[in-house]
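Working notes, structure below.
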2 protein chains.
Amino acid sequence: MATQTGETRSGGETRERILDVAEVLFTEHGFEGTSMRLITGNAGVNLAAANYHFGTKEALFQAVFHRRLTQLNRMRLDALDQMELEAEGLPLKASQVLEGFFGPVLAMATDTRHGGHTFMRLLGRTYTEPAQFIRKFMAEEFSDVISRYSDALRRALPGVPLAEIMWRLHFMMGAVSYAISGIDALQLVSGRFDDDPAQLAPRLMSFLLGGLRAPLPDLISPHAQLPTGGVGDGAFAPDFGAARA
Amino acid sequence: MATQTGETRSGGETRERILDVAEVLFTEHGFEGTSMRLITGNAGVNLAAANYHFGTKEALFQAVFHRRLTQLNRMRLDALDQMELEAEGLPLKASQVLEGFFGPVLAMATDTRHGGHTFMRLLGRTYTEPAQFIRKFMAEEFSDVISRYSDALRRALPGVPLAEIMWRLHFMMGAVSYAISGIDALQLVSGRFDDDPAQLAPRLMSFLLGGLRAPLPDLISPHAQLPTGGVGDGAFAPDFGAARA
DNA sequence: GTATGATTAAAACGAACGTTTGAACGCGGG
DNA sequence: CCCGCGTTCAAACGTTCGTTTTAATCATAC
């Protein structure tokens, strides 16, 4: 009220406010579906302020990711460091590795007070976004964590080929992503049921461990590596063929 | 060359061509990121033709989905009908149910000749899109299949609560979605490795069955229902708290 | 051969987009 | 007191968007 136009905000408050609002709106409407005007409007700041602080819309999007991913991956690496320290050179248990990798994700996802929930939905959604500039920095942000954790998993599951571990890590990331981002999608499709967020973690962890430690599949050509458990019945009807009218 | 301007196309060829191109471009750039001009331009048809045939961009998007989803869910229901017929009233095996549900998906996903591969990536990506008009008809297209298959799963896994089955179905859909849409995302993050598409199905099926049949988690409040297998160690560090600077 | 109805072409519509501009503002140190 | 610097402001830039409009073109029936 002191001056004619808007009041001046302290320090980096405008910047942080833009980041917070952008995180929510990018989650709700996607990158292309969110306009700079919508972001700055909801944040109560001037349109040009966004370009002043971040340059371009792409850079703003990256800044949203960088702020959270740095924190997330730091938590993951710290957890792994501590577990490996306590293990004194012995391989970790698979459940420990999973907890180190997905624990921070779930903690962030169920934290509604600091916006982590919103971001994790955005992350899951963005992981499959093919936009070039997104893929680029996603790879950079993740490569360290992936290599450290795939290594820990390889030691936790001796005899399982590395390719299999990578695939299962990939599958697990999909399950976690859906677990976080698709709760309403699930309700939408199946009506209401037990969705207590406090029970999501044990549910998910049990599922992930079951999948990670499942018997190895019968692969087509190469030498089978471990006993399989009657999984390979049925060949997934590979002939899709001329089914399209 | 017979006439001054373009040649006329037969019957519904223009319509089909628009659908095919739209499917590819929606997959690559998303709904908001794909313009009608890009679609019609790549299809070699006039811009107005798209609005003539489909009315609006949203209706075109729905048409893309309807064409494939109808086929996909028909395959799923047919497979379930036949399996239940052959079972003569006895419950199906969990592996059968999974194969009926995800088999058509994988068959479509690995079929590069008829564009199914493209569509399945689009489906996985769209499942978590929060756009209202998308959620609406996704629910309609899927509700039949979900209720039939969740019922079959419930009979295949007696003693497992329905809520648990729905959650695991949800987790599995996430894993399958990533398996289909994120192959390059995986390579991007971990370098090249074995990605023979013919081996994706057995790999995925093994993982899914392991997760589906995993021991039930220790839930916080309610009565435990089945013996659990030492999964509940660690509580996923629920205090995320003031970690943000 | 020509009238008819379906389909396409080309151009234009207003609105919304990301970004830039140049002036005004608040506030610290001379 | 005022000047310089970081920041915010209103306004405008040129482009692209989804959609509509008007006229031309085609296949077909008479």
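Labels for the structure tokens follow display order: chains A, B, ..., residues from 1 in each chain, ligands from 1.
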
Write out as a compact mmCIF listing (two decimals) with C-alpha atoms (C1' of nucleotides), in the first residue's frame the residues lying within 12 Å of DC13 in chain D, counting only C-alpha atoms (C1' of nucleotides) and excluding same-chain residues fewer than 3 positions away.
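selection-v8.txt, freshly written:
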```
# COMPACT_ATOMS: atom_id res chain seq x y z
C1' DC C 17 1.34 -17.70 -26.83
C1' DG C 18 6.67 -16.69 -25.36
C1' DT C 19 9.45 -13.01 -25.26
C1' DT C 20 11.20 -8.15 -25.32
C1' DT C 21 11.10 -3.35 -24.39
```

Taking only C-alpha atoms (C1' of nucleotides) into account, produce a table as a tab-separated table in which each residue of chain A with an atom at most 8 Å from an atom of chain C appears once, together with its shortest atom pair and the distance in Å to one decimal, ordered by chain and rising number.
```
residue	atom	partner	partner_atom	distance
A:Thr8	CA	C:DG26	C1'	7.2
A:Ser35	CA	C:DC17	C1'	7.4
A:Met36	CA	C:DG18	C1'	7.6
A:Asn51	CA	C:DT19	C1'	7.7
A:Thr56	CA	C:DG18	C1'	7.9
A:Lys57	CA	C:DG18	C1'	7.6
```

Output all heavy atoms for every residue in that selection, as a PDB file, in the first residue's frame.
```pdb
ATOM      1  N   THR A   8       7.090  -4.065  -3.134  1.00  0.00           N
ATOM      2  CA  THR A   8       8.318  -4.777  -3.464  1.00  0.00           C
ATOM      3  C   THR A   8       8.484  -5.976  -2.527  1.00  0.00           C
ATOM      4  O   THR A   8       8.236  -5.870  -1.335  1.00  0.00           O
ATOM      5  CB  THR A   8       9.530  -3.850  -3.318  1.00  0.00           C
ATOM      6  OG1 THR A   8       9.424  -2.824  -4.292  1.00  0.00           O
ATOM      7  CG2 THR A   8      10.807  -4.623  -3.545  1.00  0.00           C
ATOM      8  N   SER A  35       0.906 -21.902 -19.437  1.00  0.00           N
ATOM      9  CA  SER A  35       1.442 -20.671 -20.017  1.00  0.00           C
ATOM     10  C   SER A  35       2.154 -19.849 -18.958  1.00  0.00           C
ATOM     11  O   SER A  35       1.859 -19.934 -17.762  1.00  0.00           O
ATOM     12  CB  SER A  35       0.330 -19.845 -20.656  1.00  0.00           C
ATOM     13  OG  SER A  35      -0.495 -19.292 -19.650  1.00  0.00           O
ATOM     14  N   MET A  36       3.083 -19.054 -19.409  1.00  0.00           N
ATOM     15  CA  MET A  36       3.802 -18.164 -18.500  1.00  0.00           C
ATOM     16  C   MET A  36       2.834 -17.204 -17.823  1.00  0.00           C
ATOM     17  O   MET A  36       3.015 -16.836 -16.658  1.00  0.00           O
ATOM     18  CB  MET A  36       4.869 -17.388 -19.280  1.00  0.00           C
ATOM     19  CG  MET A  36       5.921 -18.267 -19.910  1.00  0.00           C
ATOM     20  SD  MET A  36       6.995 -19.035 -18.695  1.00  0.00           S
ATOM     21  CE  MET A  36       8.242 -17.778 -18.467  1.00  0.00           C
ATOM     22  N   ASN A  51      10.557 -14.149 -16.939  1.00  0.00           N
ATOM     23  CA  ASN A  51      11.632 -14.152 -17.928  1.00  0.00           C
ATOM     24  C   ASN A  51      12.889 -13.480 -17.379  1.00  0.00           C
ATOM     25  O   ASN A  51      14.008 -13.832 -17.748  1.00  0.00           O
ATOM     26  CB  ASN A  51      11.167 -13.440 -19.207  1.00  0.00           C
ATOM     27  CG  ASN A  51      10.160 -14.271 -19.983  1.00  0.00           C
ATOM     28  OD1 ASN A  51       8.956 -14.076 -19.841  1.00  0.00           O
ATOM     29  ND2 ASN A  51      10.638 -15.203 -20.776  1.00  0.00           N
ATOM     30  N   THR A  56      13.916 -18.223 -20.078  1.00  0.00           N
ATOM     31  CA  THR A  56      12.905 -18.819 -20.943  1.00  0.00           C
ATOM     32  C   THR A  56      12.024 -19.780 -20.147  1.00  0.00           C
ATOM     33  O   THR A  56      12.324 -20.130 -19.007  1.00  0.00           O
ATOM     34  CB  THR A  56      13.552 -19.594 -22.110  1.00  0.00           C
ATOM     35  OG1 THR A  56      14.207 -20.742 -21.582  1.00  0.00           O
ATOM     36  CG2 THR A  56      14.532 -18.715 -22.872  1.00  0.00           C
ATOM     37  N   LYS A  57      10.963 -20.196 -20.780  1.00  0.00           N
ATOM     38  CA  LYS A  57      10.052 -21.141 -20.157  1.00  0.00           C
ATOM     39  C   LYS A  57      10.744 -22.486 -19.917  1.00  0.00           C
ATOM     40  O   LYS A  57      10.558 -23.114 -18.873  1.00  0.00           O
ATOM     41  CB  LYS A  57       8.828 -21.322 -21.055  1.00  0.00           C
ATOM     42  CG  LYS A  57       7.718 -22.159 -20.457  1.00  0.00           C
ATOM     43  CD  LYS A  57       6.601 -22.346 -21.478  1.00  0.00           C
ATOM     44  CE  LYS A  57       5.486 -23.219 -20.935  1.00  0.00           C
ATOM     45  NZ  LYS A  57       4.450 -23.479 -21.965  1.00  0.00           N
TER      46      LYS A  57
END
```

Review point. Taking only C-alpha atoms (C1' of nucleotides) into account, what are the residues of chain D at most 12 Å from chain B, put as a VMD selection string?
Key: chain D and resid 16 to 21 24 to 27

Practice item. With a distance cut-off of 12 Å and only C-alpha atoms (C1' of nucleotides), select the neighbouring residues of Ala87 in chain A, excluding the residue or stretch itself and same-chain residues fewer than 6 positions from it, and output the selection as JSON, numbers by chain. Key: {"A": [80, 81, 93, 96, 97, 152, 156]}

Check your understanding: Out of range 26-233 of chain A, which residues get alpha helix (DSSP H) from DSSP, as a PyMOL selection string?
Key -> chain A and resi 26-29+36-43+47-54+57-87+94-109+116-126+132-156+162-181+183-190+200-212

Exercise for review: Tell me, as a list in words, which residues lie within 8 Å of Glu23 in chain B, counting only C-alpha atoms (C1' of nucleotides); anything in the same chain fewer than 2 positions away does not count.
Suggested key: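 The neighbour list is Leu19, Asp20, Val21, Leu25, Phe26, Thr27, Val64, Thr118, Phe119 and Leu122 of chain B.
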
Keeping C-alpha atoms for every residue in the selection just given, could you write it to a file as a CSV table (one decimal), in the first residue's frame?
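Okay, this is what ended up in part.csv:
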```
chain,number,residue,atom,x,y,z
B,19,LEU,CA,-5.7,-40.6,-37.5
B,20,ASP,CA,-2.5,-42.3,-38.2
B,21,VAL,CA,-0.4,-39.1,-38.3
B,25,LEU,CA,2.5,-36.8,-33.4
B,26,PHE,CA,0.4,-36.9,-30.2
B,27,THR,CA,2.9,-39.6,-29.0
B,64,VAL,CA,-7.3,-41.7,-32.0
B,118,THR,CA,3.2,-45.9,-31.2
B,119,PHE,CA,-0.2,-46.0,-29.7
B,122,LEU,CA,0.7,-42.8,-26.1
```

Check your understanding: What does the distance from CA of Ala63 in chain B to CA of Ala175 in chain B come to in Å, to one decimal?
Key ->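 Going from CA of Ala63 in chain B over to CA of Ala175 in chain B, I get 26.1 Å.
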
Practice item. Determine the nearest neighbour of chain A from the options B:Phe65, B:Tyr149, B:Phe171, B:Phe31, counting only C-alpha atoms. Key: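 The answer is B:Phe171, which sits nearest to chain A.
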
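One distance worth recording is that between CA of Ile134 in chain B and CA of Gln62 in chain B, which is 7.7 Å.
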